[in-house]
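Right, one structure below, let's go through it.
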Amino acid sequence: QMSQITDEELFRSSAFAAYLTDITESAVNQFKRKIRVWVSYNTDPKAFIACTDNKHIYINAGNDITNSFPTRQLKVDSLIGLDAHEIGHVLFTDFRASKVYFDEMEAGRLYPTPDYTLNEEETEALQELRDDLIAGALNKAVLMRAAKQIMNCLEDAYVESRIIDRFPGKFANGICLNNIRFCEMMPSIDEQLKNGNYKFSVFCNLLIQYCRSGDINNREGYSGDVLDRFYRLLPIVDNAIYDDN
């Protein structure tokens, strides 16, 4: 029976969901939290991979990253890694602060107000951003979408660094396994530009790769403004990921 059961039957079983729920609650119980894990199986490339509403964790076991692994044990490790990532959001993401941040942007304001010294270039950029936020609905929508993409990249890396530090066993192993495979599957910079990707999208993909693995895919040795901007912002990225605040 064990040899005949399919991945879908195993991962969609109540027993597997209960297993993930058990290891999840072992991580969050010290904070008096109750989290239940739900597992689905959808192989559509556009389907979600994993998410949380801070009360439940939802995992799609049919996602491309998990399915790319050759053995069932590696697939299980991958799913544990996805679970661990969402646990990181439950434990370390400040959902209320994120809501305030985007509510303020929706109102045409930036939150929090910078309380540090800006150089001339940064001052001009900040004013340009504020002007765009009140210039019209389209400008605001574009800026908010860009801000959400960047914040998601940084937030994912932020919570993963803390989960790996606190739980250096199966959780850390699963997270690292998924991150390495994700970066292996990412097209190079040249491939993305030739495919017509916008430069901002390429930049965000570089940011995701770096945040997940500490490296980027630049097989063809691309040099240009996208990479120049990426390297110029790396110190800010590192501070955002590893700062305790």
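Here's how to read the names in the structure tokens: chain A, B, ... by the order shown, residue numbers from 1 in each chain, ligand numbers from 1 in the order shown.
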Quick one: contact table of segment 24-126 of chain A to segment 174-183 of chain A, 12 Å max, nearest atom pair and distance in Å to one decimal per residue, counting only C-alpha atoms, chain and number order, as CSV?
```
residue,atom,partner,partner_atom,distance
A:Ile49,CA,A:Asn178,CA,11.6
A:Asn63,CA,A:Asn178,CA,11.3
A:Asp64,CA,A:Phe182,CA,9.4
A:Ile65,CA,A:Phe182,CA,6.6
A:Thr66,CA,A:Asn178,CA,7.7
A:Asn67,CA,A:Arg181,CA,10.8
A:Ser68,CA,A:Arg181,CA,8.3
A:Phe69,CA,A:Arg181,CA,8.6
A:Pro70,CA,A:Arg181,CA,11.9
A:Gln73,CA,A:Gly174,CA,11.0
A:Leu74,CA,A:Leu177,CA,8.6
A:Lys75,CA,A:Gly174,CA,9.3
A:Val76,CA,A:Gly174,CA,8.6
A:Asp77,CA,A:Gly174,CA,5.0
A:Ser78,CA,A:Gly174,CA,5.1
A:Leu79,CA,A:Gly174,CA,7.3
A:Ile80,CA,A:Gly174,CA,5.7
A:Gly81,CA,A:Gly174,CA,3.6
A:Leu82,CA,A:Ile175,CA,6.7
A:Asp83,CA,A:Gly174,CA,8.8
A:Ala84,CA,A:Ile175,CA,7.0
A:His85,CA,A:Ile175,CA,6.8
A:Glu86,CA,A:Ile175,CA,10.4
A:Ile87,CA,A:Ile175,CA,11.3
A:Gly88,CA,A:Ile175,CA,10.6
```
Mind checking DSSP for segment 14-244 of chain A and telling me the strand (DSSP E or B) residues as a list in words?
Arg36, Val37, Trp38, Val39, Ser40, Ala50, Cys51, Thr52, His56, Ile57, Tyr58, Ile59 and Asn60 of chain A
Considering only C-alpha atoms, tabulate each residue of segment 139-237 of chain A that lies at most 12 Å from segment 120-131 of chain A along with its nearest interatomic pair and the corresponding distance in Å to one decimal; arrange the rows by chain and ascending residue number and present them as CSV.
```
residue,atom,partner,partner_atom,distance
A:Asn139,CA,A:Asp131,CA,9.6
A:Lys140,CA,A:Leu129,CA,9.5
A:Val142,CA,A:Leu129,CA,11.4
A:Leu143,CA,A:Leu129,CA,8.4
A:Met144,CA,A:Leu129,CA,11.0
A:Ala147,CA,A:Leu129,CA,11.4
```
In Å and to one decimal, atom CA of Asn42 of chain A is distant from atom CA of Ala61 of chain A by 7.1 Å
Which residue is closest to Ala157 of chain A? Choose from A:Glu106, A:Glu191, A:Glu184, A:Asp238 and count only C-alpha atoms.
A:Asp238
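By chain and then residue number, the residues within 8 Å of Ile35 of chain A are Thr21, Thr24, Glu25, Val28, Asn54, Lys55, His56 and Ile57 of chain A, counting only C-alpha atoms and disregarding those fewer than 4 positions away in sequence.
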Which residues are near Phe92 of chain A? Cut-off 8 Å, only C-alpha atoms, ignore same chain within fewer than 3 positions. Put them as JSON, numbers by chain.
{"A": [88, 89, 159, 162]}
Which value, in Å to one decimal, gives the distance between atom CA of Asn60 of chain A and atom CA of Gln149 of chain A?
21.1 Å
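Closest approach to Phe11 of chain A among A:Asn29, A:Asn239, A:Thr71, A:Ser40: A:Ser40, based on only C-alpha atoms.
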If you count only C-alpha atoms, which residues fall within 9 Å of Cys211 of chain A, apart from same-chain ones fewer than 2 positions away, as JSON, numbers by chain?
{"A": [153, 154, 156, 157, 158, 206, 207, 208, 209, 213, 214, 215, 237, 238, 241]}
Quick one: write out the picked residues with N, CA, C and O atoms as an mmCIF file, in the first residue's frame?
```cif
data_model
loop_
_atom_site.group_PDB
_atom_site.id
_atom_site.type_symbol
_atom_site.label_atom_id
_atom_site.label_comp_id
_atom_site.auth_asym_id
_atom_site.auth_seq_id
_atom_site.Cartn_x
_atom_site.Cartn_y
_atom_site.Cartn_z
ATOM 1 N N CYS A 153 9.665 40.817 -0.717
ATOM 2 C CA CYS A 153 11.005 40.233 -0.849
ATOM 3 C C CYS A 153 11.766 40.348 0.463
ATOM 4 O O CYS A 153 12.334 39.369 0.969
ATOM 5 N N LEU A 154 11.786 41.553 1.023
ATOM 6 C CA LEU A 154 12.560 41.800 2.243
ATOM 7 C C LEU A 154 11.937 41.092 3.440
ATOM 8 O O LEU A 154 12.639 40.546 4.289
ATOM 9 N N ASP A 156 10.113 38.340 3.483
ATOM 10 C CA ASP A 156 10.353 36.898 3.407
ATOM 11 C C ASP A 156 11.744 36.552 3.936
ATOM 12 O O ASP A 156 11.922 35.587 4.687
ATOM 13 N N ALA A 157 12.744 37.336 3.499
ATOM 14 C CA ALA A 157 14.109 37.068 3.950
ATOM 15 C C ALA A 157 14.258 37.345 5.437
ATOM 16 O O ALA A 157 14.963 36.624 6.158
ATOM 17 N N TYR A 158 13.583 38.376 5.908
ATOM 18 C CA TYR A 158 13.647 38.758 7.330
ATOM 19 C C TYR A 158 13.130 37.626 8.220
ATOM 20 O O TYR A 158 13.786 37.230 9.191
ATOM 21 N N LEU A 206 16.160 39.688 -8.991
ATOM 22 C CA LEU A 206 17.505 39.673 -8.420
ATOM 23 C C LEU A 206 17.438 39.795 -6.900
ATOM 24 O O LEU A 206 18.169 39.119 -6.174
ATOM 25 N N LEU A 207 16.555 40.659 -6.443
ATOM 26 C CA LEU A 207 16.397 40.869 -5.001
ATOM 27 C C LEU A 207 15.933 39.583 -4.314
ATOM 28 O O LEU A 207 16.458 39.201 -3.265
ATOM 29 N N ILE A 208 14.969 38.894 -4.929
ATOM 30 C CA ILE A 208 14.471 37.642 -4.358
ATOM 31 C C ILE A 208 15.585 36.597 -4.301
ATOM 32 O O ILE A 208 15.775 35.917 -3.291
ATOM 33 N N GLN A 209 16.338 36.470 -5.405
ATOM 34 C CA GLN A 209 17.431 35.487 -5.434
ATOM 35 C C GLN A 209 18.460 35.770 -4.348
ATOM 36 O O GLN A 209 18.889 34.862 -3.636
ATOM 37 N N SER A 213 19.264 33.216 -1.332
ATOM 38 C CA SER A 213 20.456 32.366 -1.429
ATOM 39 C C SER A 213 21.775 33.105 -1.246
ATOM 40 O O SER A 213 22.829 32.471 -1.158
ATOM 41 N N GLY A 214 21.735 34.434 -1.225
ATOM 42 C CA GLY A 214 22.970 35.200 -1.119
ATOM 43 C C GLY A 214 23.707 35.317 -2.437
ATOM 44 O O GLY A 214 24.853 35.767 -2.475
ATOM 45 N N ASP A 215 23.058 34.927 -3.543
ATOM 46 C CA ASP A 215 23.711 34.965 -4.848
ATOM 47 C C ASP A 215 22.661 35.282 -5.909
ATOM 48 O O ASP A 215 21.453 35.264 -5.626
ATOM 49 N N VAL A 237 19.652 46.515 1.716
ATOM 50 C CA VAL A 237 18.965 45.219 1.760
ATOM 51 C C VAL A 237 19.473 44.385 2.932
ATOM 52 O O VAL A 237 18.695 43.820 3.700
ATOM 53 N N ASP A 238 20.790 44.307 3.080
ATOM 54 C CA ASP A 238 21.363 43.521 4.177
ATOM 55 C C ASP A 238 20.914 44.046 5.536
ATOM 56 O O ASP A 238 20.586 43.273 6.447
ATOM 57 N N ILE A 241 17.318 42.956 6.251
ATOM 58 C CA ILE A 241 17.127 41.535 6.542
ATOM 59 C C ILE A 241 17.612 41.163 7.940
ATOM 60 O O ILE A 241 16.946 40.416 8.663
#
```
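Among the candidate residues A:Cys204, A:Arg96, A:Arg36, A:Arg212, the one lying nearest to Arg229 of chain A is A:Cys204, with distances computed using only C-alpha atoms.
Checking A:Pro235, A:Pro168, A:Gly196, A:Pro187 one by one against Ile216 of chain A, counting only C-alpha atoms, you find the shortest gap at A:Pro187.
The residue that comes closest to Lys34 of chain A, out of A:Ile59, A:Leu91, A:Leu227, A:Ile5 and on the basis of only C-alpha atoms, is A:Leu91.
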Residue set, segment 141-244 of chain A restricted to alpha helix (DSSP H), as a ChimeraX atom specification
/A:141-166,170-185,189-194,199-213,225-242
Pairwise distance for atom CA of Met151 of chain A and atom CA of Phe31 of chain A, rounded to one decimal in Å:
25.0 Å
